[in-house]
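This is run.cif. It holds mmCIF, C-alpha atoms.
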```cif
data_final
loop_
_atom_site.group_PDB
_atom_site.id
_atom_site.type_symbol
_atom_site.label_atom_id
_atom_site.label_comp_id
_atom_site.auth_asym_id
_atom_site.auth_seq_id
_atom_site.Cartn_x
_atom_site.Cartn_y
_atom_site.Cartn_z
ATOM 1 C CA MET I 1 -4.446 9.569 -16.887
ATOM 2 C CA PRO I 2 -5.398 6.726 -19.236
ATOM 3 C CA SER I 3 -8.690 7.338 -21.000
ATOM 4 C CA PRO I 4 -11.640 5.110 -20.033
ATOM 5 C CA SER I 5 -11.333 3.338 -23.381
ATOM 6 C CA ALA I 6 -7.752 2.384 -22.521
ATOM 7 C CA ARG I 7 -8.750 0.528 -19.365
ATOM 8 C CA PRO I 8 -7.564 -3.080 -19.428
ATOM 9 C CA GLU I 9 -9.699 -6.128 -19.743
ATOM 10 C CA PRO I 10 -9.657 -7.931 -16.384
ATOM 11 C CA VAL I 11 -6.949 -10.541 -16.041
ATOM 12 C CA SER I 12 -8.454 -14.022 -15.946
ATOM 13 C CA SER I 13 -9.581 -15.576 -12.681
ATOM 14 C CA GLU I 14 -7.213 -18.476 -13.400
ATOM 15 C CA ALA I 15 -4.283 -16.051 -13.534
ATOM 16 C CA GLU I 16 -5.390 -14.465 -10.274
ATOM 17 C CA LEU I 17 -5.729 -17.818 -8.529
ATOM 18 C CA ARG I 18 -2.158 -18.695 -9.438
ATOM 19 C CA LEU I 19 -1.053 -15.786 -7.236
ATOM 20 C CA TRP I 20 -2.889 -16.552 -4.003
ATOM 21 C CA ARG I 21 -1.721 -18.612 -1.059
ATOM 22 C CA CYS I 22 -3.491 -19.335 2.205
ATOM 23 C CA PRO I 23 -2.422 -16.901 4.945
ATOM 24 C CA ASP I 24 -2.890 -19.639 7.549
ATOM 25 C CA CYS I 25 -1.058 -22.653 6.103
ATOM 26 C CA ALA I 26 0.617 -21.250 2.927
ATOM 27 C CA ALA I 27 -1.088 -23.793 0.633
ATOM 28 C CA ALA I 28 -2.577 -22.826 -2.725
ATOM 29 C CA VAL I 29 -6.042 -21.238 -2.790
ATOM 30 C CA LEU I 30 -8.626 -22.699 -5.190
ATOM 31 C CA ASP I 31 -11.971 -21.480 -6.495
ATOM 32 C CA SER I 32 -14.728 -23.590 -4.922
ATOM 33 C CA GLY I 33 -17.463 -22.000 -7.013
ATOM 34 C CA ALA I 34 -19.160 -20.398 -4.017
ATOM 35 C CA GLY I 35 -15.943 -18.746 -2.883
ATOM 36 C CA LEU I 36 -12.285 -19.523 -2.310
ATOM 37 C CA ARG I 37 -10.962 -22.566 -0.453
ATOM 38 C CA CYS I 38 -7.483 -23.395 0.815
ATOM 39 C CA SER I 39 -6.238 -26.638 -0.748
ATOM 40 C CA GLY I 40 -4.424 -27.473 2.487
ATOM 41 C CA CYS I 41 -6.377 -26.558 5.617
ATOM 42 C CA ARG I 42 -9.677 -26.245 3.651
ATOM 43 C CA ILE I 43 -10.528 -22.851 5.128
ATOM 44 C CA GLU I 44 -13.075 -20.880 3.101
ATOM 45 C CA PHE I 45 -12.345 -17.307 2.019
ATOM 46 C CA GLY I 46 -14.750 -14.833 0.485
ATOM 47 C CA VAL I 47 -14.732 -13.123 -2.890
ATOM 48 C CA ASP I 48 -16.814 -10.239 -4.246
ATOM 49 C CA ARG I 49 -16.862 -11.181 -7.919
ATOM 50 C CA GLU I 50 -18.626 -8.044 -9.072
ATOM 51 C CA ARG I 51 -16.032 -5.718 -7.502
ATOM 52 C CA ARG I 52 -13.245 -8.307 -7.916
ATOM 53 C CA ILE I 53 -12.276 -8.164 -4.246
ATOM 54 C CA TYR I 54 -10.542 -11.267 -2.892
ATOM 55 C CA ARG I 55 -10.791 -11.564 0.907
ATOM 56 C CA LEU I 56 -7.688 -13.439 2.043
ATOM 57 C CA VAL I 57 -7.216 -12.381 5.664
ATOM 58 C CA SER I 58 -6.171 -15.029 8.168
ATOM 59 C CA VAL I 59 -8.877 -16.415 10.430
ATOM 60 C CA LYS I 60 -6.183 -16.189 13.100
ATOM 61 C CA GLN I 61 -5.914 -12.443 12.479
ATOM 62 C CA SER I 62 -3.876 -10.869 15.262
ATOM 63 C CA GLU I 63 -5.134 -8.195 17.645
ATOM 64 C CA LEU I 64 -2.743 -5.689 16.015
ATOM 65 C CA VAL I 65 -4.081 -6.326 12.510
ATOM 66 C CA ALA I 66 -7.694 -6.180 13.700
ATOM 67 C CA LYS I 67 -6.955 -2.828 15.373
ATOM 68 C CA ILE I 68 -5.325 -1.490 12.177
ATOM 69 C CA ASP I 69 -8.305 -2.649 10.098
ATOM 70 C CA ALA I 70 -10.770 -0.914 12.424
ATOM 71 C CA ALA I 71 -8.760 2.325 12.573
ATOM 72 C CA TRP I 72 -8.433 2.647 8.804
ATOM 73 C CA THR I 73 -12.058 1.674 8.194
ATOM 74 C CA ARG I 74 -13.118 4.507 10.534
ATOM 75 C CA HIS I 75 -10.701 6.853 8.745
ATOM 76 C CA TRP I 76 -12.084 6.138 5.275
ATOM 77 C CA GLU I 77 -15.706 6.225 6.437
ATOM 78 C CA LYS I 78 -15.207 9.964 7.073
ATOM 79 C CA SER I 79 -14.436 10.551 3.408
ATOM 80 C CA ASN I 80 -17.061 13.279 2.998
ATOM 81 C CA SER I 81 -15.321 15.645 5.433
ATOM 82 C CA VAL I 82 -13.583 18.858 4.368
ATOM 83 C CA PHE I 83 -10.242 17.355 5.445
ATOM 84 C CA HIS I 84 -10.698 14.334 3.186
ATOM 85 C CA SER I 85 -11.651 16.596 0.295
ATOM 86 C CA ILE I 86 -8.413 18.551 0.752
ATOM 87 C CA THR I 87 -6.250 15.436 1.064
ATOM 88 C CA ALA I 88 -7.921 13.968 -2.036
ATOM 89 C CA LEU I 89 -6.743 17.035 -3.977
ATOM 90 C CA ILE I 90 -3.223 16.593 -2.580
ATOM 91 C CA ARG I 91 -3.218 12.918 -3.606
ATOM 92 C CA ARG I 92 -4.379 13.684 -7.139
ATOM 93 C CA TYR I 93 -2.370 16.799 -7.950
ATOM 94 C CA LEU I 94 0.821 16.493 -5.865
ATOM 95 C CA THR I 95 1.388 12.839 -4.997
ATOM 96 C CA ALA I 96 0.000 11.173 -8.143
ATOM 97 C CA PRO I 97 2.475 12.939 -10.505
ATOM 98 C CA LEU I 98 5.321 11.906 -8.183
ATOM 99 C CA VAL I 99 4.187 8.279 -8.280
ATOM 100 C CA ARG I 100 3.886 8.357 -12.069
ATOM 101 C CA GLY I 101 7.487 9.582 -12.334
ATOM 102 C CA GLY I 102 8.760 7.080 -9.781
ATOM 103 C CA LEU I 103 7.258 4.100 -11.624
ATOM 104 C CA LYS I 104 7.782 5.367 -15.187
ATOM 105 C CA ASP I 105 10.718 3.084 -16.029
ATOM 106 C CA LEU I 106 9.159 0.029 -14.381
ATOM 107 C CA ILE I 107 5.932 0.075 -16.410
ATOM 108 C CA GLN I 108 7.769 -0.327 -19.711
ATOM 109 C CA GLY I 109 6.948 -3.533 -21.549
ATOM 110 C CA SER I 110 4.019 -5.729 -20.612
ATOM 111 C CA GLY I 111 2.968 -8.762 -18.612
ATOM 112 C CA LYS I 112 4.335 -7.772 -15.193
ATOM 113 C CA THR I 113 2.461 -8.120 -11.921
ATOM 114 C CA PHE I 114 2.275 -4.949 -9.819
ATOM 115 C CA LEU I 115 1.231 -5.006 -6.163
ATOM 116 C CA GLU I 116 0.242 -1.787 -4.401
ATOM 117 C CA ALA I 117 0.636 -2.960 -0.815
ATOM 118 C CA GLY I 118 -1.430 -0.703 1.427
ATOM 119 C CA ALA I 119 -3.326 0.851 -1.452
ATOM 120 C CA GLY I 120 -6.165 2.790 0.121
ATOM 121 C CA THR I 121 -8.333 4.044 -2.749
ATOM 122 C CA SER I 122 -5.382 3.858 -5.216
ATOM 123 C CA GLU I 123 -6.020 7.507 -6.138
ATOM 124 C CA THR I 124 -2.311 8.309 -5.843
ATOM 125 C CA SER I 125 -1.477 5.711 -8.503
ATOM 126 C CA VAL I 126 -4.269 6.688 -10.893
ATOM 127 C CA LEU I 127 -1.829 8.382 -13.310
ATOM 128 C CA VAL I 128 0.222 5.185 -13.689
ATOM 129 C CA ASP I 129 -0.936 3.320 -16.795
ATOM 130 C CA LEU I 130 -0.876 -0.367 -15.840
ATOM 131 C CA SER I 131 -3.148 -1.424 -18.689
ATOM 132 C CA ARG I 132 -0.453 -3.736 -20.111
ATOM 133 C CA HIS I 133 0.166 -5.376 -16.742
ATOM 134 C CA ALA I 134 -1.696 -7.137 -13.934
ATOM 135 C CA SER I 135 -2.433 -4.688 -11.123
ATOM 136 C CA ILE I 136 -3.380 -5.682 -7.564
ATOM 137 C CA SER I 137 -4.516 -3.121 -4.995
ATOM 138 C CA MET I 138 -4.144 -4.655 -1.528
ATOM 139 C CA ASP I 139 -5.452 -3.188 1.707
ATOM 140 C CA ILE I 140 -6.554 -4.535 5.075
ATOM 141 C CA SER I 141 -9.818 -2.560 4.913
ATOM 142 C CA GLU I 142 -12.520 -3.943 2.644
ATOM 143 C CA ALA I 143 -14.401 -0.661 3.124
ATOM 144 C CA VAL I 144 -11.696 1.246 1.262
ATOM 145 C CA LEU I 145 -11.283 -1.441 -1.408
ATOM 146 C CA ARG I 146 -14.938 -0.996 -2.312
ATOM 147 C CA ARG I 147 -14.016 2.605 -3.219
ATOM 148 C CA SER I 148 -10.821 1.694 -5.083
ATOM 149 C CA VAL I 149 -10.315 3.278 -8.504
ATOM 150 C CA ASN I 150 -8.201 0.328 -9.680
ATOM 151 C CA PRO I 151 -10.186 -1.315 -12.542
ATOM 152 C CA GLN I 152 -8.371 -4.611 -12.044
ATOM 153 C CA VAL I 153 -7.941 -6.743 -8.886
ATOM 154 C CA LYS I 154 -8.520 -5.771 -5.253
ATOM 155 C CA LEU I 155 -7.103 -7.934 -2.455
ATOM 156 C CA GLN I 156 -8.074 -7.695 1.184
ATOM 157 C CA GLY I 157 -4.869 -8.814 2.826
ATOM 158 C CA ASP I 158 -2.520 -8.313 5.743
ATOM 159 C CA LEU I 159 0.862 -6.589 5.267
ATOM 160 C CA PHE I 160 2.316 -8.822 7.991
ATOM 161 C CA ASN I 161 1.153 -12.026 6.288
ATOM 162 C CA LEU I 162 0.895 -11.480 2.531
ATOM 163 C CA PRO I 163 -1.528 -13.980 0.917
ATOM 164 C CA LEU I 164 0.645 -14.243 -2.204
ATOM 165 C CA LYS I 165 2.908 -17.044 -3.378
ATOM 166 C CA ASP I 166 6.698 -16.801 -3.246
ATOM 167 C CA GLY I 167 8.218 -15.052 -6.269
ATOM 168 C CA SER I 168 4.853 -14.114 -7.761
ATOM 169 C CA VAL I 169 5.202 -10.309 -8.107
ATOM 170 C CA ASP I 170 7.457 -8.122 -10.296
ATOM 171 C CA VAL I 171 6.968 -4.740 -8.619
ATOM 172 C CA ILE I 172 5.732 -3.759 -5.156
ATOM 173 C CA PHE I 173 5.004 -0.135 -4.352
ATOM 174 C CA ASN I 174 3.064 1.933 -1.870
ATOM 175 C CA ILE I 175 2.521 5.544 -0.896
ATOM 176 C CA GLY I 176 2.405 6.748 2.684
ATOM 177 C CA VAL I 177 2.285 3.347 4.382
ATOM 178 C CA HIS I 178 5.463 2.596 6.343
ATOM 179 C CA GLU I 179 5.326 5.683 8.551
ATOM 180 C CA HIS I 180 2.443 3.990 10.390
ATOM 181 C CA TYR I 181 4.669 1.130 11.582
ATOM 182 C CA SER I 182 7.658 0.835 13.915
ATOM 183 C CA ASP I 183 11.056 -0.439 12.770
ATOM 184 C CA ALA I 184 10.288 -3.898 14.163
ATOM 185 C CA GLN I 185 6.936 -4.021 12.360
ATOM 186 C CA ASN I 186 8.444 -2.737 9.118
ATOM 187 C CA ALA I 187 11.128 -5.415 9.308
ATOM 188 C CA VAL I 188 8.393 -8.073 9.177
ATOM 189 C CA ILE I 189 6.571 -6.296 6.331
ATOM 190 C CA LEU I 190 9.730 -5.885 4.240
ATOM 191 C CA LYS I 191 10.695 -9.545 4.675
ATOM 192 C CA GLY I 192 7.284 -10.403 3.273
ATOM 193 C CA PHE I 193 7.911 -8.118 0.303
ATOM 194 C CA LEU I 194 11.206 -9.896 -0.351
ATOM 195 C CA ARG I 195 9.489 -13.289 -0.262
ATOM 196 C CA VAL I 196 6.760 -12.498 -2.814
ATOM 197 C CA LEU I 197 9.019 -10.573 -5.224
ATOM 198 C CA LYS I 198 10.618 -12.341 -8.161
ATOM 199 C CA THR I 199 14.408 -12.257 -8.401
ATOM 200 C CA GLY I 200 15.224 -8.961 -10.083
ATOM 201 C CA GLY I 201 11.925 -7.484 -8.891
ATOM 202 C CA ARG I 202 11.728 -3.950 -7.524
ATOM 203 C CA VAL I 203 10.133 -2.360 -4.482
ATOM 204 C CA VAL I 204 9.420 1.386 -4.607
ATOM 205 C CA LEU I 205 8.365 3.077 -1.372
ATOM 206 C CA PHE I 206 7.035 6.631 -1.262
ATOM 207 C CA TRP I 207 7.763 7.328 2.404
ATOM 208 C CA PRO I 208 6.809 10.715 3.986
ATOM 209 C CA TRP I 209 9.794 12.897 4.898
ATOM 210 C CA TYR I 210 9.661 14.254 8.455
ATOM 211 C CA TRP I 211 10.939 17.734 7.503
ATOM 212 C CA ALA I 212 8.613 18.281 4.540
ATOM 213 C CA PRO I 213 6.337 21.364 4.756
ATOM 214 C CA LEU I 214 3.144 19.286 4.504
ATOM 215 C CA MET I 215 4.325 16.912 7.247
ATOM 216 C CA ILE I 216 5.168 19.819 9.556
ATOM 217 C CA LEU I 217 1.715 21.290 8.887
ATOM 218 C CA GLY I 218 0.095 17.950 9.676
ATOM 219 C CA ARG I 219 1.887 17.617 13.009
ATOM 220 C CA THR I 220 0.926 21.193 13.889
ATOM 221 C CA ILE I 221 -2.752 20.446 13.170
ATOM 222 C CA ASN I 222 -2.541 17.342 15.370
ATOM 223 C CA VAL I 223 -1.182 19.372 18.307
ATOM 224 C CA VAL I 224 -3.692 22.219 17.941
ATOM 225 C CA MET I 225 -6.703 19.914 17.551
ATOM 226 C CA SER I 226 -5.591 17.750 20.490
ATOM 227 C CA LEU I 227 -5.503 20.850 22.705
ATOM 228 C CA LEU I 228 -8.889 22.070 21.491
ATOM 229 C CA LEU I 229 -10.597 18.682 21.830
ATOM 230 C CA TRP I 230 -8.819 17.663 25.061
ATOM 231 C CA ARG I 231 -7.956 14.292 23.560
ATOM 232 C CA GLU I 232 -5.380 12.886 21.183
ATOM 233 C CA TYR I 233 -6.171 13.852 17.608
ATOM 234 C CA GLU I 234 -4.500 12.333 14.533
ATOM 235 C CA LEU I 235 -5.080 13.259 10.895
ATOM 236 C CA TYR I 236 -3.896 9.768 9.996
ATOM 237 C CA PRO I 237 -3.880 6.789 12.382
ATOM 238 C CA ASN I 238 -0.565 6.120 14.096
ATOM 239 C CA GLN I 239 1.639 8.214 11.775
ATOM 240 C CA HIS I 240 4.751 8.362 13.946
ATOM 241 C CA TRP I 241 7.635 6.995 11.865
ATOM 242 C CA GLU I 242 8.188 9.456 9.033
ATOM 243 C CA LEU I 243 11.721 9.268 7.609
ATOM 244 C CA ARG I 244 14.115 11.858 9.026
ATOM 245 C CA ARG I 245 17.201 10.538 7.212
ATOM 246 C CA PHE I 246 17.733 8.328 4.161
ATOM 247 C CA ALA I 247 20.187 6.203 6.193
ATOM 248 C CA HIS I 248 17.330 5.039 8.410
ATOM 249 C CA GLY I 249 15.287 3.719 5.494
ATOM 250 C CA ASP I 250 18.374 2.241 3.843
ATOM 251 C CA ARG I 251 19.221 0.293 6.993
ATOM 252 C CA LEU I 252 15.730 -1.223 7.125
ATOM 253 C CA MET I 253 15.811 -2.147 3.443
ATOM 254 C CA THR I 254 19.294 -3.670 3.416
ATOM 255 C CA GLN I 255 18.671 -5.628 6.627
ATOM 256 C CA ALA I 256 15.577 -7.101 4.934
ATOM 257 C CA GLY I 257 17.802 -8.297 2.060
ATOM 258 C CA PHE I 258 17.251 -5.623 -0.622
ATOM 259 C CA THR I 259 19.896 -3.880 -2.755
ATOM 260 C CA HIS I 260 19.776 -0.105 -3.183
ATOM 261 C CA VAL I 261 18.917 1.238 -6.655
ATOM 262 C CA ARG I 262 18.179 4.926 -6.015
ATOM 263 C CA HIS I 263 16.547 7.364 -3.640
ATOM 264 C CA TYR I 264 15.503 11.002 -3.959
ATOM 265 C CA LEU I 265 13.229 13.859 -2.936
ATOM 266 C CA SER I 266 11.208 15.733 -5.549
ATOM 267 C CA VAL I 267 9.760 19.236 -5.694
ATOM 268 C CA VAL I 268 6.801 17.760 -7.602
ATOM 269 C CA ASP I 269 5.143 17.008 -4.244
ATOM 270 C CA LEU I 270 6.919 19.785 -2.266
ATOM 271 C CA CYS I 271 9.472 17.204 -1.059
ATOM 272 C CA SER I 272 6.757 15.466 0.955
ATOM 273 C CA MET I 273 7.885 11.924 0.082
ATOM 274 C CA MET I 274 11.301 10.291 0.045
ATOM 275 C CA VAL I 275 11.316 7.804 -2.822
ATOM 276 C CA LEU I 276 13.228 4.591 -2.077
ATOM 277 C CA GLU I 277 13.793 2.104 -4.890
ATOM 278 C CA TYR I 278 15.390 -1.283 -4.113
ATOM 279 C CA GLU I 279 15.893 -4.576 -5.916
ATOM 280 C CA LYS I 280 15.741 -8.225 -4.957
ATOM 281 C CA ARG I 281 19.006 -9.629 -6.290
ATOM 282 C CA VAL I 282 18.836 -13.229 -4.994
#
```
Show how you would write the structure in this file as structure tokens.
Amino acid sequence: MPSPSARPEPVSSEAELRLWRCPDCAAAVLDSGAGLRCSGCRIEFGVDRERRIYRLVSVKQSELVAKIDAAWTRHWEKSNSVFHSITALIRRYLTAPLVRGGLKDLIQGSGKTFLEAGAGTSETSVLVDLSRHASISMDISEAVLRRSVNPQVKLQGDLFNLPLKDGSVDVIFNIGVHEHYSDAQNAVILKGFLRVLKTGGRVVLFWPWYWAPLMILGRTINVVMSLLLWREYELYPNQHWELRRFAHGDRLMTQAGFTHVRHYLSVVDLCSMMVLEYEKRV
């Protein structure tokens, strides 16, 4: 992990503003002094300058997105439970080393823009030294962004309607996100990733593998707790689309317009995540 002294100076607000676009009309977003304002439809968006959280969620937010926001806010509000303590250890000591290895080649050099799309607290990316790059942690839940360990920029945004300009990002990655969405929903999300990536940019998805020991344990806990409580119990909201086969993920990625670079399982995290790396060629 980078030492505290190695933490980057914040990227300038001007640089950040060059990234944002209005989620309602796709026009540029400007700093009005009091907050953020769309240059097209003139809608006002909020910003927490102290925590560097930009709130760029559509005022026309769909029922689905509102439901997702509420579910994940409830999930993260229970962060003092024994379960959350255990999963925090898993994130730090199993998943974080996997993420560091998966992004190792992409963090070479400097001046890139990294987007963690569906970031949660960003604990699983804490071992990735992005001090030479711009780093954006995006999540739909402002509650979790307030707990983010990313020292740079936090963006409250919608995976289905990314508030970022076309071709503005070099690398998109996330950990344990796409298993919460159906194929049809993921198709929309991945098309958005393609839009905001620069040509030659990479997307790296750490997608839970259905047959991994930790995933089997999680499903077993869900069944047992549902029987004991006499109601549906889920460790994580709506986690129903874990990858069973690489071909499934490859089909989704190629249909979205990406070109395969590599994929693999790693014993570093007990084969819990299938790592999918793809490139935007055109």
Return as a ChimeraX atom specification the set of residues that the PyMOL selection byres ((chain I and resi 128) around 9) yields on the displayed structure. /I:1-2,96-97,99-101,103-104,107,124-127,129-131
Translate the PyMOL selection byres ((chain I and resi 32-39) around 10) into a concrete residue list for this structure, as a list in words.
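With the PyMOL selection byres ((chain I and resi 32-39) around 10) on this model, the match is Leu17, Trp20, Arg21, Cys22, Pro23, Asp24, Cys25, Ala26, Ala27, Ala28, Val29, Leu30, Asp31, Gly40, Cys41, Arg42, Ile43, Glu44, Phe45, Gly46, Val47, Asp48, Arg49, Tyr54, Arg55 and Leu56 of chain I.
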- Task: Find, counting only C-alpha atoms, the residue in I:Leu265, I:Val196, I:Leu89, I:Ala119 that gets nearest to Arg146 of chain I.
- Result: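 Checking each candidate against Arg146 of chain I, we get I:Ala119 as the closest.
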Output of the PyMOL selection byres ((chain I and resi 210) around 10), listed as a PDB file with C-alpha atoms, keeping the file's coordinate frame:
```
ATOM      1  CA  GLU I 179       5.326   5.683   8.551  1.00  0.00           C
ATOM      2  CA  TRP I 207       7.763   7.328   2.404  1.00  0.00           C
ATOM      3  CA  PRO I 208       6.809  10.715   3.986  1.00  0.00           C
ATOM      4  CA  TRP I 209       9.794  12.897   4.898  1.00  0.00           C
ATOM      5  CA  TRP I 211      10.939  17.734   7.503  1.00  0.00           C
ATOM      6  CA  ALA I 212       8.613  18.281   4.540  1.00  0.00           C
ATOM      7  CA  PRO I 213       6.337  21.364   4.756  1.00  0.00           C
ATOM      8  CA  LEU I 214       3.144  19.286   4.504  1.00  0.00           C
ATOM      9  CA  MET I 215       4.325  16.912   7.247  1.00  0.00           C
ATOM     10  CA  ILE I 216       5.168  19.819   9.556  1.00  0.00           C
ATOM     11  CA  ARG I 219       1.887  17.617  13.009  1.00  0.00           C
ATOM     12  CA  HIS I 240       4.751   8.362  13.946  1.00  0.00           C
ATOM     13  CA  TRP I 241       7.635   6.995  11.865  1.00  0.00           C
ATOM     14  CA  GLU I 242       8.188   9.456   9.033  1.00  0.00           C
ATOM     15  CA  LEU I 243      11.721   9.268   7.609  1.00  0.00           C
ATOM     16  CA  ARG I 244      14.115  11.858   9.026  1.00  0.00           C
ATOM     17  CA  ARG I 245      17.201  10.538   7.212  1.00  0.00           C
ATOM     18  CA  CYS I 271       9.472  17.204  -1.059  1.00  0.00           C
ATOM     19  CA  SER I 272       6.757  15.466   0.955  1.00  0.00           C
ATOM     20  CA  MET I 273       7.885  11.924   0.082  1.00  0.00           C
ATOM     21  CA  MET I 274      11.301  10.291   0.045  1.00  0.00           C
TER      22      MET I 274
END
```
| task | Would you mind reading off the distance between atom CA of Val59 of chain I and atom CA of Leu159 of chain I, one decimal, in Å? | result |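 Atom-to-atom, atom CA of Val59 of chain I and atom CA of Leu159 of chain I are spaced 14.8 Å apart.
The closest residue to Gly118 of chain I, picked from I:Val203, I:Ile175, I:Ile68, I:Leu162 and counting all atoms listed in the file, is I:Ile175.
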Fill in: Who sits within 9 Å of Thr259 of chain I, all atoms listed in the file, same chain under 3 positions skipped, as a list of chain:residue names
I:Met253, I:Thr254, I:Glu277, I:Tyr278, I:Glu279, I:Lys280, I:Arg281
For the residues in that selection, give me C-alpha atoms as a PDB file, in the frame of the given file.
```pdb
ATOM      1  CA  MET I 253      15.811  -2.147   3.443  1.00  0.00           C
ATOM      2  CA  THR I 254      19.294  -3.670   3.416  1.00  0.00           C
ATOM      3  CA  GLU I 277      13.793   2.104  -4.890  1.00  0.00           C
ATOM      4  CA  TYR I 278      15.390  -1.283  -4.113  1.00  0.00           C
ATOM      5  CA  GLU I 279      15.893  -4.576  -5.916  1.00  0.00           C
ATOM      6  CA  LYS I 280      15.741  -8.225  -4.957  1.00  0.00           C
ATOM      7  CA  ARG I 281      19.006  -9.629  -6.290  1.00  0.00           C
TER       8      ARG I 281
END
```
Could you work out how far atom CA of Gly111 of chain I lies from atom CA of His133 of chain I, giving the answer in Å with one decimal?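 Calculated distance between atom CA of His133 of chain I and atom CA of Gly111 of chain I is 4.8 Å.
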Q. If we count only C-alpha atoms, what is near Val282 of chain I at a cut-off of 10 Å, once residues fewer than 4 positions away on the same chain are taken out, given as number ranges by chain?
A. I: 194, 198-201, 257-259
Next, dump the selected residues to file, keeping only C-alpha atoms, as a PDB file, in the coordinates of the input.
```
ATOM      1  CA  LEU I 194      11.206  -9.896  -0.351  1.00  0.00           C
ATOM      2  CA  LYS I 198      10.618 -12.341  -8.161  1.00  0.00           C
ATOM      3  CA  THR I 199      14.408 -12.257  -8.401  1.00  0.00           C
ATOM      4  CA  GLY I 200      15.224  -8.961 -10.083  1.00  0.00           C
ATOM      5  CA  GLY I 201      11.925  -7.484  -8.891  1.00  0.00           C
ATOM      6  CA  GLY I 257      17.802  -8.297   2.060  1.00  0.00           C
ATOM      7  CA  PHE I 258      17.251  -5.623  -0.622  1.00  0.00           C
ATOM      8  CA  THR I 259      19.896  -3.880  -2.755  1.00  0.00           C
TER       9      THR I 259
END
```
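In this model, the gap between atom CA of Leu252 of chain I and atom CA of Phe173 of chain I comes to 15.7 Å.
Comparing the minimum interatomic distances between Leu19 of chain I and each of I:Leu217, I:Val153, I:Ala247, I:Leu235, counting all atoms listed in the file, we find that I:Val153 sits nearest.
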Could you tell me which of I:Leu94, I:Leu145, I:Glu16, I:Val188 comes closest to Gly157 of chain I if we count all atoms listed in the file?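 Among I:Leu94, I:Leu145, I:Glu16, I:Val188, it is I:Leu145 that comes nearest to Gly157 of chain I.
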- Query: If you count all atoms listed in the file, which residues fall within 7 Å of Arg195 of chain I, apart from same-chain ones fewer than 2 positions away, as a list in words?
  - Reply: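 Returned residues: Asp166, Gly167, Lys191, Gly192, Phe193 and Leu197 of chain I.
Distances from I:Gln255, I:His180, I:Val268, I:Ser168 to Glu234 of chain I were compared using only C-alpha atoms, and the smallest one belongs to I:His180.
Each of I:Thr95, I:Val57, I:Val204, I:Ile90 was compared to Leu155 of chain I using only C-alpha atoms, and I:Val57 turns out to be the nearest.
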